[in-house]
Amino acid sequence: MVNKIEIITTFLELQKILRILDSAGVSGYPIIEDVIDKGHRARVIDYLEGHALTNGYIMTICSEEQEDQVVEAIRPILKKFGGVCVVSDAKLIID
């Protein structure tokens with residue numbers, strides 16, 4: 001079993017999140033840019049600001065130890081800038 005981490009964060013903090021993943025030894029993750037968010041306040045679309053106000057989505061798999069390290073490191077970023085991190089158990093089909 002592995003853990004799956006899904007993160008949605010502001011584009012401005014995306015590189016910081018990627019550095020955290022790298023420092024925890026987590027690799028091999030897709031990144032989807034320009035994710036539109038329908039949060040508590042409203043749907044956010046701002047075509048004039050470019051990437052500044054958009055979100056990015058990252059999905060990765062990792063060990064439980066890596067998950068603990070990543071979650072603790074990104075918690076302050078999510079609290080300050082918003083976003084979400086979901087962790088779930090997963091089964092790796094091929095490795």
# chains A, B, ... in the order shown; residues from 1 in each chain; ligands from 1
>>> residues_around(residues="segment 64-69 of chain A", least_positions_apart="5", cutoff="8 Å", atoms="only C-alpha atoms", output="number ranges by chain")
A: 2-3, 5, 24-26
>>> residues_around(residues="segment 76-83 of chain A", least_positions_apart="5", cutoff="7 Å", atoms="only C-alpha atoms", output="list in words")
Ile8, Thr9 and Thr10 of chain A
>>> write_last_selection(atoms="all heavy atoms", output="PDB file, in the first residue's frame")
ATOM      1  N   ILE A   8      -4.177  21.003  -4.142  1.00  0.00           N
ATOM      2  CA  ILE A   8      -4.566  22.150  -4.951  1.00  0.00           C
ATOM      3  C   ILE A   8      -4.077  23.377  -4.201  1.00  0.00           C
ATOM      4  O   ILE A   8      -4.394  23.572  -3.024  1.00  0.00           O
ATOM      5  CB  ILE A   8      -6.084  22.225  -5.179  1.00  0.00           C
ATOM      6  CG1 ILE A   8      -6.547  20.986  -5.942  1.00  0.00           C
ATOM      7  CG2 ILE A   8      -6.441  23.505  -5.942  1.00  0.00           C
ATOM      8  CD1 ILE A   8      -8.047  20.904  -6.128  1.00  0.00           C
ATOM      9  N   THR A   9      -3.273  24.185  -4.888  1.00  0.00           N
ATOM     10  CA  THR A   9      -2.679  25.352  -4.261  1.00  0.00           C
ATOM     11  C   THR A   9      -2.616  26.499  -5.255  1.00  0.00           C
ATOM     12  O   THR A   9      -2.695  26.286  -6.459  1.00  0.00           O
ATOM     13  CB  THR A   9      -1.270  25.038  -3.708  1.00  0.00           C
ATOM     14  OG1 THR A   9      -0.785  26.156  -2.979  1.00  0.00           O
ATOM     15  CG2 THR A   9      -0.306  24.709  -4.829  1.00  0.00           C
ATOM     16  N   THR A  10      -2.470  27.704  -4.748  1.00  0.00           N
ATOM     17  CA  THR A  10      -2.327  28.860  -5.617  1.00  0.00           C
ATOM     18  C   THR A  10      -1.084  28.708  -6.482  1.00  0.00           C
ATOM     19  O   THR A  10      -0.074  28.169  -6.041  1.00  0.00           O
ATOM     20  CB  THR A  10      -2.266  30.161  -4.795  1.00  0.00           C
ATOM     21  OG1 THR A  10      -1.975  31.248  -5.682  1.00  0.00           O
ATOM     22  CG2 THR A  10      -1.220  30.114  -3.735  1.00  0.00           C
TER      23      THR A  10
END
>>> closest_residue(among="A:Ile7, A:Leu14, A:Val71, A:Met59", to="Gly28 of chain A", atoms="only C-alpha atoms")
A:Met59
>>> select_by_dssp(residues="chain A", states="strand (DSSP E or B)", output="PDB file with N, CA and C atoms, in the first residue's frame")
ATOM      1  N   VAL A   2       0.369   2.258  -0.648  1.00  0.00           N
ATOM      2  CA  VAL A   2       1.018   3.561  -0.679  1.00  0.00           C
ATOM      3  C   VAL A   2      -0.031   4.602  -0.310  1.00  0.00           C
ATOM      4  N   ASN A   3       0.415   5.813  -0.087  1.00  0.00           N
ATOM      5  CA  ASN A   3      -0.500   6.913   0.160  1.00  0.00           C
ATOM      6  C   ASN A   3      -0.546   7.794  -1.077  1.00  0.00           C
ATOM      7  N   LYS A   4      -1.728   8.279  -1.403  1.00  0.00           N
ATOM      8  CA  LYS A   4      -1.895   9.218  -2.508  1.00  0.00           C
ATOM      9  C   LYS A   4      -2.129  10.595  -1.912  1.00  0.00           C
ATOM     10  N   ILE A   5      -1.373  11.564  -2.391  1.00  0.00           N
ATOM     11  CA  ILE A   5      -1.531  12.944  -1.953  1.00  0.00           C
ATOM     12  C   ILE A   5      -2.006  13.761  -3.136  1.00  0.00           C
ATOM     13  N   GLU A   6      -3.091  14.488  -2.943  1.00  0.00           N
ATOM     14  CA  GLU A   6      -3.602  15.414  -3.953  1.00  0.00           C
ATOM     15  C   GLU A   6      -3.578  16.805  -3.336  1.00  0.00           C
ATOM     16  N   ILE A   7      -2.984  17.741  -4.058  1.00  0.00           N
ATOM     17  CA  ILE A   7      -2.829  19.101  -3.542  1.00  0.00           C
ATOM     18  C   ILE A   7      -3.347  20.083  -4.579  1.00  0.00           C
ATOM     19  N   ILE A   8      -4.177  21.003  -4.142  1.00  0.00           N
ATOM     20  CA  ILE A   8      -4.566  22.150  -4.951  1.00  0.00           C
ATOM     21  C   ILE A   8      -4.077  23.377  -4.201  1.00  0.00           C
ATOM     22  N   THR A   9      -3.273  24.185  -4.888  1.00  0.00           N
ATOM     23  CA  THR A   9      -2.679  25.352  -4.261  1.00  0.00           C
ATOM     24  C   THR A   9      -2.616  26.499  -5.255  1.00  0.00           C
ATOM     25  N   THR A  10      -2.470  27.704  -4.748  1.00  0.00           N
ATOM     26  CA  THR A  10      -2.327  28.860  -5.617  1.00  0.00           C
ATOM     27  C   THR A  10      -1.084  28.708  -6.482  1.00  0.00           C
ATOM     28  N   ILE A  31       1.396  17.624 -12.828  1.00  0.00           N
ATOM     29  CA  ILE A  31       1.024  18.969 -12.401  1.00  0.00           C
ATOM     30  C   ILE A  31       0.043  19.504 -13.429  1.00  0.00           C
ATOM     31  N   ILE A  32      -1.098  19.925 -12.980  1.00  0.00           N
ATOM     32  CA  ILE A  32      -2.097  20.520 -13.861  1.00  0.00           C
ATOM     33  C   ILE A  32      -2.220  21.984 -13.465  1.00  0.00           C
ATOM     34  N   GLU A  33      -1.940  22.864 -14.408  1.00  0.00           N
ATOM     35  CA  GLU A  33      -2.024  24.303 -14.154  1.00  0.00           C
ATOM     36  C   GLU A  33      -3.404  24.822 -14.537  1.00  0.00           C
ATOM     37  N   ASP A  34      -3.704  26.015 -14.077  1.00  0.00           N
ATOM     38  CA  ASP A  34      -4.958  26.714 -14.399  1.00  0.00           C
ATOM     39  C   ASP A  34      -6.187  25.932 -13.957  1.00  0.00           C
ATOM     40  N   VAL A  35      -6.148  25.417 -12.743  1.00  0.00           N
ATOM     41  CA  VAL A  35      -7.286  24.711 -12.169  1.00  0.00           C
ATOM     42  C   VAL A  35      -8.271  25.757 -11.664  1.00  0.00           C
ATOM     43  N   ASP A  37     -11.314  27.010  -9.435  1.00  0.00           N
ATOM     44  CA  ASP A  37     -11.725  26.686  -8.081  1.00  0.00           C
ATOM     45  C   ASP A  37     -13.137  27.193  -7.816  1.00  0.00           C
ATOM     46  N   LYS A  38     -13.978  26.343  -7.274  1.00  0.00           N
ATOM     47  CA  LYS A  38     -15.283  26.759  -6.775  1.00  0.00           C
ATOM     48  C   LYS A  38     -15.245  26.530  -5.284  1.00  0.00           C
ATOM     49  N   ARG A  43     -16.846  30.890  -7.605  1.00  0.00           N
ATOM     50  CA  ARG A  43     -15.970  30.368  -8.644  1.00  0.00           C
ATOM     51  C   ARG A  43     -14.986  31.467  -9.037  1.00  0.00           C
ATOM     52  N   VAL A  44     -13.704  31.115  -9.116  1.00  0.00           N
ATOM     53  CA  VAL A  44     -12.672  32.103  -9.386  1.00  0.00           C
ATOM     54  C   VAL A  44     -12.141  31.912 -10.796  1.00  0.00           C
ATOM     55  N   ASN A  55      -4.959  28.326  -9.828  1.00  0.00           N
ATOM     56  CA  ASN A  55      -4.497  27.254  -8.950  1.00  0.00           C
ATOM     57  C   ASN A  55      -3.782  26.183  -9.754  1.00  0.00           C
ATOM     58  N   GLY A  56      -2.999  25.377  -9.060  1.00  0.00           N
ATOM     59  CA  GLY A  56      -2.365  24.218  -9.649  1.00  0.00           C
ATOM     60  C   GLY A  56      -2.759  22.977  -8.874  1.00  0.00           C
ATOM     61  N   TYR A  57      -2.794  21.835  -9.556  1.00  0.00           N
ATOM     62  CA  TYR A  57      -3.152  20.559  -8.949  1.00  0.00           C
ATOM     63  C   TYR A  57      -1.966  19.607  -9.096  1.00  0.00           C
ATOM     64  N   ILE A  58      -1.608  18.945  -8.008  1.00  0.00           N
ATOM     65  CA  ILE A  58      -0.521  17.977  -8.000  1.00  0.00           C
ATOM     66  C   ILE A  58      -1.060  16.687  -7.385  1.00  0.00           C
ATOM     67  N   MET A  59      -0.742  15.547  -8.005  1.00  0.00           N
ATOM     68  CA  MET A  59      -1.102  14.266  -7.443  1.00  0.00           C
ATOM     69  C   MET A  59       0.158  13.405  -7.420  1.00  0.00           C
ATOM     70  N   THR A  60       0.400  12.759  -6.293  1.00  0.00           N
ATOM     71  CA  THR A  60       1.557  11.895  -6.190  1.00  0.00           C
ATOM     72  C   THR A  60       1.266  10.742  -5.245  1.00  0.00           C
ATOM     73  N   ILE A  61       2.125   9.742  -5.278  1.00  0.00           N
ATOM     74  CA  ILE A  61       2.049   8.649  -4.319  1.00  0.00           C
ATOM     75  C   ILE A  61       3.360   8.620  -3.550  1.00  0.00           C
ATOM     76  N   CYS A  62       3.273   8.142  -2.307  1.00  0.00           N
ATOM     77  CA  CYS A  62       4.463   8.133  -1.460  1.00  0.00           C
ATOM     78  C   CYS A  62       4.268   7.180  -0.294  1.00  0.00           C
ATOM     79  N   VAL A  84      -6.001  23.055  -0.710  1.00  0.00           N
ATOM     80  CA  VAL A  84      -6.458  21.835  -0.061  1.00  0.00           C
ATOM     81  C   VAL A  84      -5.445  20.727  -0.301  1.00  0.00           C
ATOM     82  N   CYS A  85      -5.356  19.837   0.665  1.00  0.00           N
ATOM     83  CA  CYS A  85      -4.511  18.648   0.537  1.00  0.00           C
ATOM     84  C   CYS A  85      -5.339  17.462   1.021  1.00  0.00           C
ATOM     85  N   VAL A  86      -5.461  16.460   0.171  1.00  0.00           N
ATOM     86  CA  VAL A  86      -6.212  15.253   0.501  1.00  0.00           C
ATOM     87  C   VAL A  86      -5.254  14.076   0.448  1.00  0.00           C
ATOM     88  N   VAL A  87      -5.262  13.279   1.499  1.00  0.00           N
ATOM     89  CA  VAL A  87      -4.418  12.087   1.571  1.00  0.00           C
ATOM     90  C   VAL A  87      -5.330  10.875   1.667  1.00  0.00           C
ATOM     91  N   SER A  88      -5.032   9.865   0.857  1.00  0.00           N
ATOM     92  CA  SER A  88      -5.826   8.637   0.902  1.00  0.00           C
ATOM     93  C   SER A  88      -4.928   7.432   0.681  1.00  0.00           C
ATOM     94  N   ASP A  89      -5.400   6.273   1.137  1.00  0.00           N
ATOM     95  CA  ASP A  89      -4.682   5.024   0.883  1.00  0.00           C
ATOM     96  C   ASP A  89      -4.878   4.657  -0.578  1.00  0.00           C
ATOM     97  N   ALA A  90      -3.854   4.074  -1.161  1.00  0.00           N
ATOM     98  CA  ALA A  90      -3.937   3.677  -2.563  1.00  0.00           C
ATOM     99  C   ALA A  90      -3.221   2.360  -2.768  1.00  0.00           C
TER     100      ALA A  90
END
>>> select_by_dssp(residues="segment 8-93 of chain A", states="alpha helix (DSSP H)", output="MDAnalysis selection string")
chainID A and resid 14:23 64:81
>>> atom_distance(atom1="atom CA of Phe11 of chain A", atom2="atom CA of Leu92 of chain A")
28.5 Å
>>> atom_distance(atom1="atom CA of Ile93 of chain A", atom2="atom CA of Ser63 of chain A")
15.1 Å
